[in-house]
Structures are given as structure tokens and as C-alpha cells.
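Q: Sharing coords_27.tsv here; it has TSV, C-alpha atoms.
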```
chain	number	residue	atom	x	y	z
A	15	MET	CA	-2.64	74.89	42.46
A	16	VAL	CA	-3.35	74.36	46.12
A	17	THR	CA	-4.45	71.12	47.74
A	18	GLY	CA	-6.77	71.90	50.60
A	19	LEU	CA	-6.70	70.66	54.17
A	20	ILE	CA	-9.36	68.01	53.51
A	21	GLY	CA	-7.46	66.53	50.57
A	22	ARG	CA	-4.20	66.48	52.49
A	23	THR	CA	-5.68	64.86	55.58
A	24	ALA	CA	-7.60	62.25	53.57
A	25	GLY	CA	-4.51	61.39	51.56
A	26	ARG	CA	-2.41	61.08	54.70
A	27	LEU	CA	-4.98	58.74	56.21
A	28	LEU	CA	-5.42	56.60	53.08
A	29	VAL	CA	-1.78	56.08	52.14
A	30	PRO	CA	-0.94	53.39	54.78
A	31	PHE	CA	-3.97	51.34	53.78
A	32	ILE	CA	-2.98	51.52	50.12
A	33	PHE	CA	0.52	50.35	51.00
A	34	ILE	CA	-0.82	47.46	53.07
A	35	PHE	CA	-3.21	46.44	50.30
A	36	GLY	CA	-0.35	46.45	47.78
A	37	PHE	CA	1.77	44.38	50.16
A	38	TYR	CA	-1.10	41.90	50.50
A	39	ILE	CA	-1.40	41.57	46.73
A	40	VAL	CA	2.35	40.97	46.43
A	41	ALA	CA	2.48	38.45	49.28
A	42	HIS	CA	-0.52	36.44	48.04
A	43	GLY	CA	0.65	36.40	44.43
A	44	HIS	CA	0.92	32.62	44.34
A	45	LEU	CA	-2.50	32.03	45.93
A	46	SER	CA	-4.90	34.58	44.50
A	47	PRO	CA	-5.09	36.92	41.49
A	48	GLY	CA	-2.24	39.38	41.68
A	49	GLY	CA	1.49	39.22	41.95
A	50	GLY	CA	4.57	41.36	41.96
A	51	PHE	CA	3.73	43.64	39.05
A	52	GLN	CA	0.20	44.41	40.14
A	53	GLY	CA	1.07	44.88	43.81
A	54	GLY	CA	4.00	47.13	42.96
A	55	ALA	CA	1.72	49.25	40.78
A	56	VAL	CA	-0.77	49.55	43.67
A	57	ILE	CA	1.99	50.71	46.05
A	58	ALA	CA	3.17	53.23	43.46
A	59	THR	CA	-0.41	54.54	43.37
A	60	GLY	CA	0.04	55.41	47.05
A	61	VAL	CA	3.17	57.38	46.15
A	62	ALA	CA	1.15	59.18	43.46
A	63	LEU	CA	-1.45	60.07	46.11
A	64	VAL	CA	1.27	61.53	48.32
A	65	LEU	CA	2.56	63.56	45.38
A	66	VAL	CA	-0.90	64.89	44.55
A	67	CYS	CA	-1.71	65.82	48.14
A	68	TYR	CA	1.65	67.45	48.84
A	69	TYR	CA	3.93	69.32	46.53
A	70	TYR	CA	6.99	67.78	44.99
A	71	ARG	CA	9.14	70.18	47.01
A	72	GLU	CA	7.48	69.22	50.29
A	73	CYS	CA	7.74	65.55	49.41
A	74	MET	CA	11.46	65.92	48.83
A	75	GLU	CA	11.85	67.61	52.21
A	76	HIS	CA	9.75	65.23	54.31
A	77	PHE	CA	9.42	62.03	52.29
A	78	ILE	CA	12.15	60.15	50.40
A	79	GLU	CA	14.39	61.51	47.65
A	80	ALA	CA	14.17	60.30	44.07
A	81	LYS	CA	17.60	58.72	44.08
A	82	ASN	CA	16.57	56.46	46.97
A	83	PHE	CA	13.72	55.15	44.82
A	84	LYS	CA	16.30	54.36	42.14
A	85	LEU	CA	18.25	52.39	44.74
A	86	ILE	CA	15.07	50.53	45.73
A	87	GLU	CA	14.45	49.62	42.10
A	88	SER	CA	18.01	48.36	41.60
A	89	ALA	CA	17.76	46.36	44.84
A	90	GLY	CA	14.62	44.64	43.54
A	91	LEU	CA	16.26	43.66	40.28
A	92	ILE	CA	19.40	42.43	42.07
A	93	LEU	CA	17.30	40.34	44.47
A	94	PHE	CA	15.49	38.83	41.46
A	95	ILE	CA	18.71	37.88	39.68
A	96	CYS	CA	20.39	36.60	42.85
A	97	THR	CA	17.43	34.36	43.68
A	98	ALA	CA	17.56	32.95	40.16
A	99	LEU	CA	21.35	32.50	40.33
A	100	ALA	CA	21.08	30.68	43.67
A	101	GLY	CA	19.22	27.97	41.80
A	102	LEU	CA	22.32	27.56	39.64
A	103	VAL	CA	24.55	27.18	42.70
A	104	LEU	CA	22.34	25.17	45.06
A	105	ALA	CA	20.41	23.07	42.57
A	106	SER	CA	20.41	22.06	38.96
A	107	GLY	CA	19.89	25.25	36.97
A	108	PHE	CA	19.07	28.90	36.51
A	109	PHE	CA	15.56	29.67	37.84
A	110	PHE	CA	15.28	26.23	39.44
A	111	ASN	CA	12.66	26.22	42.18
A	112	TRP	CA	15.11	25.13	44.89
A	113	LEU	CA	12.96	26.20	47.85
A	114	ASN	CA	9.87	24.24	46.83
A	115	ALA	CA	8.84	21.49	49.28
A	116	SER	CA	12.17	21.72	51.12
A	117	GLY	CA	10.70	22.53	54.51
A	118	GLY	CA	12.49	25.86	54.81
A	119	LEU	CA	11.22	29.34	54.04
A	120	PHE	CA	8.12	29.09	51.84
A	121	GLY	CA	8.89	25.38	51.70
A	122	ASN	CA	5.66	23.67	52.79
A	123	ALA	CA	4.38	21.01	50.45
A	124	VAL	CA	1.29	22.08	48.57
A	125	GLU	CA	-1.88	20.03	48.66
A	126	TYR	CA	-2.80	18.89	45.15
A	127	GLY	CA	-6.11	19.89	43.65
A	128	ALA	CA	-8.41	22.59	44.97
A	129	ASN	CA	-7.36	23.68	48.47
A	130	VAL	CA	-7.75	26.62	50.79
A	131	GLY	CA	-4.23	27.86	50.22
A	132	ASP	CA	-1.15	28.02	52.43
A	133	LEU	CA	0.94	31.20	52.39
A	134	PHE	CA	4.25	29.39	52.96
A	135	THR	CA	4.29	27.27	49.82
A	136	ALA	CA	5.63	27.60	46.27
A	137	GLY	CA	9.34	27.95	47.00
A	138	ILE	CA	11.06	30.83	45.23
A	139	ILE	CA	7.90	32.16	43.60
A	140	PRO	CA	6.95	34.43	46.57
A	141	VAL	CA	10.57	35.62	46.79
A	142	LEU	CA	10.56	36.53	43.10
A	143	ASN	CA	7.15	38.15	43.62
A	144	PHE	CA	8.58	40.36	46.36
A	145	ALA	CA	11.61	41.21	44.22
A	146	VAL	CA	9.47	42.23	41.26
A	147	GLY	CA	7.10	44.13	43.57
A	148	ILE	CA	9.98	46.14	44.99
A	149	GLU	CA	11.31	46.84	41.51
A	150	VAL	CA	7.98	47.96	40.04
A	151	PHE	CA	7.28	50.12	43.10
A	152	GLY	CA	10.64	51.85	42.77
A	153	GLY	CA	10.48	52.22	39.00
A	154	LEU	CA	6.98	53.66	38.77
A	155	SER	CA	7.70	55.96	41.73
A	156	VAL	CA	10.80	57.30	39.97
A	157	VAL	CA	8.79	57.97	36.81
A	158	LEU	CA	6.03	59.69	38.80
A	159	LEU	CA	8.50	61.79	40.79
A	160	TYR	CA	10.34	62.98	37.69
A	161	MET	CA	7.12	63.77	35.85
A	162	PHE	CA	5.80	65.74	38.83
A	163	ALA	CA	9.16	67.51	39.02
A	164	GLY	CA	8.65	68.60	35.39
A	165	LEU	CA	5.57	70.59	36.41
A	166	LYS	CA	5.97	74.30	36.98
A	167	GLU	CA	6.12	74.76	40.71
A	168	THR	CA	5.08	77.76	42.72
A	169	THR	CA	7.07	79.11	45.62
A	170	LYS	CA	5.74	79.15	49.14
A	171	GLU	CA	4.91	82.87	49.01
A	172	GLU	CA	2.89	82.37	45.83
A	173	ASP	CA	1.10	79.44	47.45
A	174	ASP	CA	0.11	81.64	50.36
A	175	ALA	CA	-1.05	84.37	48.02
A	176	GLU	CA	-2.90	82.05	45.67
A	177	PRO	CA	-6.17	81.47	47.56
A	178	HIS	CA	-6.68	85.20	47.49
A	179	ASN	CA	-6.35	85.17	43.69
A	180	PHE	CA	-8.73	82.23	43.38
A	181	ALA	CA	-11.32	84.10	45.44
A	182	GLN	CA	-10.99	87.09	43.12
A	183	THR	CA	-11.44	85.05	39.95
A	184	GLU	CA	-14.45	83.30	41.39
A	185	GLU	CA	-16.19	86.57	42.12
A	186	LEU	CA	-15.78	87.81	38.55
A	187	PRO	CA	-18.69	85.99	36.81
B	22	MET	CA	-2.51	73.75	8.17
B	23	ALA	CA	-5.31	73.66	5.58
B	24	ARG	CA	-3.33	71.08	3.68
B	25	CYS	CA	-3.25	68.78	6.68
B	26	SER	CA	-6.94	69.04	7.53
B	27	VAL	CA	-7.82	66.72	4.60
B	28	PRO	CA	-6.86	63.19	5.61
B	29	PRO	CA	-4.67	61.46	3.03
B	30	LYS	CA	-6.45	58.85	0.94
B	31	LEU	CA	-3.71	56.29	1.36
B	32	ALA	CA	-4.01	56.37	5.14
B	33	ILE	CA	-7.79	55.90	5.00
B	34	PHE	CA	-7.37	52.98	2.61
B	35	LEU	CA	-4.74	51.41	4.86
B	36	ILE	CA	-6.92	51.74	7.96
B	37	ILE	CA	-9.93	50.13	6.28
B	38	ALA	CA	-7.79	47.34	4.83
B	39	VAL	CA	-6.22	46.55	8.20
B	40	THR	CA	-9.61	46.51	9.90
B	41	LEU	CA	-11.08	44.18	7.28
B	42	ILE	CA	-8.10	41.82	7.48
B	43	LEU	CA	-8.36	41.73	11.26
B	44	LEU	CA	-12.05	40.84	10.99
B	45	LEU	CA	-11.00	37.46	9.54
B	46	PRO	CA	-10.44	35.77	12.97
B	47	ALA	CA	-14.08	36.46	13.77
B	48	PHE	CA	-15.03	34.07	10.96
B	49	GLY	CA	-12.30	31.48	11.41
B	50	LEU	CA	-12.11	31.03	15.17
B	51	SER	CA	-14.87	30.15	17.58
B	52	PHE	CA	-14.91	31.98	20.88
B	53	GLY	CA	-14.83	29.61	23.83
B	54	HIS	CA	-13.39	26.60	21.98
B	55	PRO	CA	-9.63	27.03	21.50
B	56	LEU	CA	-8.13	24.75	18.88
B	57	ALA	CA	-4.77	23.74	20.37
B	58	SER	CA	-4.51	23.65	24.15
B	59	GLY	CA	-1.99	20.92	24.91
B	60	THR	CA	0.65	23.15	26.51
B	61	ASP	CA	-1.87	25.01	28.62
B	62	GLN	CA	-3.49	21.79	29.81
B	63	TYR	CA	-0.03	20.52	30.78
B	64	TYR	CA	0.60	23.68	32.80
B	65	ILE	CA	-2.78	23.39	34.54
B	66	ASP	CA	-2.27	19.70	35.34
B	67	HIS	CA	1.33	19.88	36.53
B	68	SER	CA	1.87	23.37	37.98
B	69	GLN	CA	1.08	22.32	41.53
B	70	GLU	CA	3.43	19.33	41.65
B	71	GLN	CA	6.27	21.05	39.76
B	72	THR	CA	6.22	24.55	41.25
B	73	GLY	CA	3.92	24.32	44.27
B	74	SER	CA	1.95	27.38	43.25
B	75	ASN	CA	-1.84	27.45	43.40
B	76	ASN	CA	-1.99	30.26	40.85
B	77	VAL	CA	-1.14	28.81	37.46
B	78	VAL	CA	-0.50	32.21	35.87
B	79	THR	CA	2.09	33.06	38.54
B	80	ALA	CA	3.64	29.62	38.08
B	81	ILE	CA	4.07	30.31	34.36
B	82	VAL	CA	5.32	33.88	34.80
B	83	PHE	CA	7.90	33.11	37.49
B	84	ASP	CA	8.83	29.48	36.91
B	85	PHE	CA	8.04	27.95	33.52
B	86	ARG	CA	8.85	31.17	31.67
B	87	GLY	CA	11.16	32.83	34.17
B	88	PHE	CA	13.53	34.10	31.51
B	89	ASP	CA	10.64	36.03	29.99
B	90	THR	CA	10.07	37.78	33.32
B	91	LEU	CA	13.78	38.51	33.68
B	92	GLY	CA	13.75	40.27	30.30
B	93	GLU	CA	10.56	42.08	31.23
B	94	ALA	CA	12.06	43.38	34.48
B	95	THR	CA	15.13	44.49	32.53
B	96	VAL	CA	12.98	46.36	30.02
B	97	LEU	CA	11.18	48.15	32.86
B	98	PHE	CA	14.51	49.00	34.49
B	99	ILE	CA	15.98	50.39	31.27
B	100	ALA	CA	12.84	52.45	30.53
B	101	VAL	CA	13.01	54.02	33.99
B	102	LEU	CA	16.72	54.60	33.45
B	103	GLY	CA	15.89	56.44	30.21
B	104	VAL	CA	13.29	58.61	31.96
B	105	ALA	CA	15.77	59.47	34.70
B	106	MET	CA	18.45	60.27	32.12
B	107	PHE	CA	16.19	62.71	30.27
B	108	PHE	CA	15.26	64.55	33.45
B	109	ARG	CA	18.85	64.79	34.63
B	110	ARG	CA	19.41	68.41	33.57
B	111	THR	CA	16.22	69.88	34.97
B	112	HIS	CA	16.92	68.28	38.29
C	28	MET	CA	-21.11	35.29	14.28
C	29	ILE	CA	-22.48	37.12	17.31
C	30	ALA	CA	-20.74	34.61	19.56
C	31	ASN	CA	-17.45	35.92	18.15
C	32	LEU	CA	-18.12	39.45	19.39
C	33	PRO	CA	-14.71	39.82	21.15
C	34	PHE	CA	-12.83	39.29	17.89
C	35	ILE	CA	-15.01	41.86	16.08
C	36	ALA	CA	-14.37	44.29	18.93
C	37	VAL	CA	-10.63	43.65	18.57
C	38	ALA	CA	-10.74	44.45	14.84
C	39	LEU	CA	-12.70	47.66	15.41
C	40	LEU	CA	-10.42	48.77	18.24
C	41	ILE	CA	-7.32	48.18	16.13
C	42	GLY	CA	-8.94	50.16	13.31
C	43	ILE	CA	-9.63	53.07	15.68
C	44	ALA	CA	-6.07	52.88	17.01
C	45	PHE	CA	-4.54	52.95	13.51
C	46	ALA	CA	-6.78	55.86	12.58
C	47	MET	CA	-5.58	57.78	15.63
C	48	ILE	CA	-1.93	57.01	14.96
C	49	LEU	CA	-2.04	57.87	11.24
C	50	LEU	CA	-4.49	60.76	11.10
C	51	LYS	CA	-3.94	62.72	14.31
C	52	ARG	CA	-1.23	65.36	14.41
C	53	ASN	CA	-1.11	65.80	18.17
C	54	MET	CA	1.57	63.54	19.58
C	55	ILE	CA	-0.27	62.97	22.86
C	56	LYS	CA	-3.21	61.63	20.86
C	57	MET	CA	-0.89	59.40	18.86
C	58	ILE	CA	0.34	57.91	22.15
C	59	MET	CA	-3.28	57.44	23.19
C	60	GLY	CA	-3.76	55.51	19.95
C	61	LEU	CA	-0.85	53.27	20.85
C	62	GLY	CA	-2.51	52.67	24.22
C	63	ILE	CA	-5.74	51.63	22.50
C	64	LEU	CA	-3.70	49.31	20.25
C	65	GLU	CA	-2.16	47.68	23.33
C	66	GLY	CA	-5.59	47.21	24.87
C	67	ALA	CA	-6.90	45.64	21.68
C	68	VAL	CA	-4.00	43.19	21.53
C	69	ASN	CA	-4.52	42.27	25.19
C	70	LEU	CA	-8.21	41.65	24.54
C	71	PHE	CA	-7.31	39.47	21.54
C	72	LEU	CA	-4.89	37.38	23.61
C	73	VAL	CA	-7.27	36.88	26.52
C	74	SER	CA	-10.23	36.02	24.31
C	75	LEU	CA	-8.09	33.51	22.38
C	76	GLY	CA	-7.53	31.58	25.60
C	77	TYR	CA	-11.12	31.49	26.84
C	78	ARG	CA	-12.82	28.16	27.30
C	79	GLU	CA	-16.53	27.82	27.69
C	80	ASP	CA	-17.63	27.84	31.36
C	81	GLY	CA	-14.01	28.19	32.40
C	82	ILE	CA	-12.85	29.68	35.67
C	83	ALA	CA	-9.64	31.57	36.39
C	84	PRO	CA	-6.66	29.17	36.54
C	85	ILE	CA	-6.27	29.34	40.34
C	86	PHE	CA	-6.66	26.34	42.62
C	87	THR	CA	-7.33	28.33	45.81
C	88	SER	CA	-10.94	27.63	46.82
C	89	ALA	CA	-11.74	26.24	43.37
C	90	PRO	CA	-14.68	23.88	42.80
C	91	ALA	CA	-13.97	20.19	42.36
C	92	ASP	CA	-12.80	19.11	38.88
C	93	PRO	CA	-12.85	22.58	37.33
C	94	THR	CA	-12.56	23.68	33.70
C	95	MET	CA	-9.89	26.38	33.60
C	96	VAL	CA	-9.18	28.96	30.93
C	97	MET	CA	-5.76	28.84	29.26
C	98	PRO	CA	-3.09	30.46	31.46
C	99	THR	CA	-0.24	31.08	29.00
C	100	VAL	CA	-1.98	33.91	27.17
C	101	GLN	CA	-2.71	35.56	30.49
C	102	ALA	CA	0.96	35.45	31.40
C	103	LEU	CA	1.83	37.01	28.04
C	104	THR	CA	-0.82	39.70	28.63
C	105	LEU	CA	0.82	40.52	31.96
C	106	THR	CA	4.16	40.95	30.18
C	107	ASN	CA	2.52	43.14	27.55
C	108	ILE	CA	0.90	45.42	30.15
C	109	VAL	CA	4.15	46.05	32.02
C	110	ILE	CA	6.16	46.73	28.87
C	111	GLY	CA	3.33	48.97	27.63
C	112	VAL	CA	3.53	51.08	30.79
C	113	ALA	CA	7.30	51.41	30.47
C	114	THR	CA	7.26	52.43	26.81
C	115	THR	CA	4.34	54.83	27.32
C	116	ALA	CA	6.24	56.59	30.10
C	117	LEU	CA	9.30	56.86	27.87
C	118	MET	CA	7.25	58.25	24.94
C	119	LEU	CA	5.52	60.80	27.17
C	120	VAL	CA	8.93	61.99	28.37
C	121	PHE	CA	9.99	62.40	24.74
C	122	VAL	CA	6.90	64.52	24.08
C	123	MET	CA	7.65	66.64	27.16
C	124	LEU	CA	11.17	67.26	25.86
C	125	ILE	CA	9.90	68.10	22.36
C	126	TYR	CA	7.43	70.57	23.80
C	127	LYS	CA	10.17	72.17	25.86
C	128	LYS	CA	12.44	72.51	22.80
C	129	TYR	CA	10.00	73.41	20.00
C	130	GLY	CA	7.02	74.77	21.92
C	131	THR	CA	4.52	72.50	20.14
C	132	VAL	CA	3.27	68.92	20.21
C	133	ASN	CA	2.01	69.05	16.61
C	134	ALA	CA	4.07	66.71	14.44
C	135	ASN	CA	3.75	68.81	11.25
C	136	GLU	CA	4.65	72.08	12.94
C	137	MET	CA	7.61	70.49	14.61
C	138	ARG	CA	8.88	69.21	11.26
C	139	ARG	CA	8.56	72.71	9.80
C	140	LEU	CA	10.39	74.29	12.72
C	141	LYS	CA	13.27	71.85	12.37
C	142	GLU	CA	14.08	72.87	8.78
```
As C-alpha cells, how would this structure be written, given the file I've shared?
A:
Amino acid sequence: MVTGLIGRTAGRLLVPFIFIFGFYIVAHGHLSPGGGFQGGAVIATGVALVLVCYYYRECMEHFIEAKNFKLIESAGLILFICTALAGLVLASGFFFNWLNASGGLFGNAVEYGANVGDLFTAGIIPVLNFAVGIEVFGGLSVVLLYMFAGLKETTKEEDDAEPHNFAQTEELP
Amino acid sequence: MARCSVPPKLAIFLIIAVTLILLLPAFGLSFGHPLASGTDQYYIDHSQEQTGSNNVVTAIVFDFRGFDTLGEATVLFIAVLGVAMFFRRTH
Amino acid sequence: MIANLPFIAVALLIGIAFAMILLKRNMIKMIMGLGILEGAVNLFLVSLGYREDGIAPIFTSAPADPTMVMPTVQALTLTNIVIGVATTALMLVFVMLIYKKYGTVNANEMRRLKE
């Protein structure tokens, strides 16, 4: 199991664009189809591409460790709950949309009816979108990392020897 | 294994019965004309003034039914926790 | 009758899913059956909320005075998809552990090995 130079280079080039596209889906969750869950899944797809292009061992050496993804996931859930609890403290109840039309962050008043869409509207909904996006990204990445870690891995010497074996098996028929 | 290659008659009967029962909505409902839509029409009419979100589905998921999403995020968190717990030894 | 094609497709898909869950012995294929069952339920929910000539319930760049499909079922479908992913990952991990312990993913063989 060897990923060639072309696959590795293409994956390395594509991963930032996949991340940016996932970030766009998360950020525009209140304006267009999408949202936290979908955008987080798209970003986790980028992590899957990194894992396919490079080995799990190499990813652990040069990328991020699995326990950091667990921390990212917990941070997303904590941000979600804290944003909801802030509604209890600053306004009338749990999950109250206390940022909507307040003039602050994401606080612009929305224009009723069909409009072109303003990114800084909808109060706490974009914040919750980001929280859920972070959580889904971390959670799916943890699952992917552990499942890739369950695969039988070859050592570096076997990797170097393996193309030779592939060439031999291809010549047989 | 030869015993298992013949599918049990009860299972076949159950599958056919479930499929036939689930064909009933195709005769009772009409596609494109939902019967009761009061709640959904309320969400469509009032989502922009109450939540400020252009996307009505996001307004429902994160505002009108926020507790639902909280439980959903918790389920996802606990499932990932279970996966991590099972892979603890091999790691 | 033919206008109700989504509901007929739902019934057939649920039949296929139950057949896979009850008749297959391979646990991976049973999990695939559960995935088909999830897809059928999602299709049922979304087709319940469809209105004729409706557009997606989003006001960004919408035409004037639009007819929108019902949004609640779509929100429930979103919930269903996420929970489906989580439970599928958990079940696949169970199958990986069973294979590591018993050396098989066949449900009958595993039951025989346990005795």
C-alpha cells in the first residue's frame, strides 16, 4: 500500500481548498443551504484526504495528534452550550437569540422577504453554526483517525521494498 | 452452513408483510399536497422577524428546536467517545 | 398512483433493508441494510413535506411571493443523518472488535464459537 507522488502532491494541493469550502459552508449556514453539520463533514473529508495520501504514522509525526482532535471536539460542544447559556444570563431564557438585531456581532437587522443576504445577521445562529462545525470536524476526524489506525501498517523499510514486490507481481501474468 | 442457506419462512413472511403495510401511504397520501401544514407555515412566515435567519431550516434547527440540536450534538459526542474508548488499547 | 412514486419507493427500500438485516449473515451487510433503512426514512420525511411547485425554504435571492416546501421535516432529516453517521461508526467499530476477537464477521459462526 503505497500512495504515489502524484496522489500525494494532488492531495496536498487540494486540502486547503477543501478546508476553505467547508468554512464557507459553515459561515453561510444562515443564508444558503448548508450549516454546521454539513460544513464540518466537508472539513473532515479534507482530513480523510490527508490520511489517504499520507500514512497514519506520517500524519501523526507531521500533522496533529488524535487527542488534539478530541480537544477540538470538546471545545465545539462547550462553545455551543456556553452560547446557549449566555441567553439565560443576558436575556430571558436558554437558547434565546440575544444577539439578533442588537447591532453587535452578527447583529444587523435582517430585511424581511426575499433579499440578497447579509452575512452579519441572525444573531447567535452563526455562532452556533461555528460551534457545531468545530464539533463535527473534530468528531469525524477522531473516528477517521482511529479507524485508519486500526489498519495494519507497514514499516518504512517495507514501504521502500514494496514497489519492487509490486513490479514482480505485475510481471507474473 | 447448509442449514443457514435456506432463508427462514417467518423472515420472508415478515418482510413481505412490512413492505405491504408500508405501501399504504402511497394510497392514502397525495404527493405534493400535505394535509396539515400550520406549524411549517408559521415557521416560514415568522422565521425572519423572530430569528433573523434567511434559511428557515437553520432557523428551526438552531433556534426553534435548539434543544433538539443540543441532544444531537451530545449523541455525536458520546458516539465518538465510544469509538475512542474501544480503540484505547490498540493505541 | 404514479404521482405517489416516492412513497412506493420508500416501501420498496424498507423491504430491501429488512431483507438485508434479517437474511444476511455478514454483519457488514447488516449495517449496510441499516444504512438503506435510514435513507428510506429520510426519503419518506422529505417527500412528506413537499409542496407542489415549492422551492427550498431559503429567502436569499428567492422570487417574490414564493411557495416554500415544509422546513420542519428537513430539520428532522438533518438530525437523522448526523445520528445515523454516529451510530454507523459505532457499529462498524463493534464489528472490527468482533473480527479481532473471533476472526469472523458471520453472525452464525460467531454464535457457534462463543459456546
Q: Please report as a PyMOL selection string which residues of chain B come no farther than 8 Å from chain C, using all atoms listed in the file.
A: chain B and resi 28+32-33+36-37+39-41+43-44+46-48+50-55+58+61-62+64-65+75-79+81-82+90+93+96-97+100-101+103-104+107
Q: Suppose you want the space between CA of Gly54 (chain A) and CA of Val150 (chain A); what is it in Å?
A: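 For CA of Gly54 (chain A) relative to CA of Val150 (chain A), the distance reads 5.0 Å.
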Q: Here is a test: counting only C-alpha atoms, which residue of C:Met59, C:Ala91, C:Leu70, C:Met54 is nearest to chain A?
A: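 So, comparing all the options, the nearest one is C:Ala91.
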Q: Enclose region 80-89 of chain B, meaning all of its atoms listed in the file, in a box aligned along x, y and z, pad it by 4 Å on each side, and list the centre and edge lengths in Å to one decimal, as AutoDock Vina command-line options.
A:
```
--center_x 8.6 --center_y 32.0 --center_z 34.0 --size_x 17.9 --size_y 16.1 --size_z 16.1
```
Q: Do me a favour and pick out the residues of chain B within 9 Å of chain A, using all atoms listed in the file, as a PyMOL selection string.
A: chain B and resi 69-80+83-85+87-88+91+94-95+97-98+100-102+104-105+108+111-112
Q: So how many Å separate CA of Thr131 (chain C) and CA of Ile99 (chain B), to one decimal?
A: 27.3 Å
Q: Go ahead and compute the interatomic distance for CA of Phe35 (chain A) and CA of Tyr68 (chain A), in Å to one decimal.
A: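 CA of Tyr68 (chain A) lies 21.6 Å from CA of Phe35 (chain A).
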Q: Quick one: residues within 12 Å of Thr23 (chain A), only C-alpha atoms counted, chain neighbours fewer than 6 positions away excluded, as a PyMOL selection string?
A: chain A and resi 17+29+63-64+67-68
Q: Between C:Gly60, C:Gly130, C:Gly66, C:Pro90, single out the one closest to chain A, counting all atoms listed in the file.
A: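 So, comparing all the options, the nearest one is C:Pro90.
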Q: Would you mind telling me which residue in A:Leu19, A:Ile32, A:Leu93, A:Leu158 lies nearest to chain C when using all atoms listed in the file?
A: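 Using all atoms listed in the file, chain C sits closest to A:Leu158.
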Q: Which is closer to chain A than all the others in C:Ile48, C:Ile58, C:Val73, C:Val122, using only C-alpha atoms?
A: C:Val122
Q: Which residue, A:Ile39, A:Ala62, A:Ala55, A:Ile86, has the smallest gap to chain C when you use only C-alpha atoms?
A: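 Result for the nearest residue to chain C: A:Ala55.
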Q: Looking at only C-alpha atoms, which of A:Ala105, A:Gln52, A:Phe151, A:Leu28 is the one that sits closest to chain C?
A: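 That would be A:Gln52, the residue with the smallest distance to chain C.
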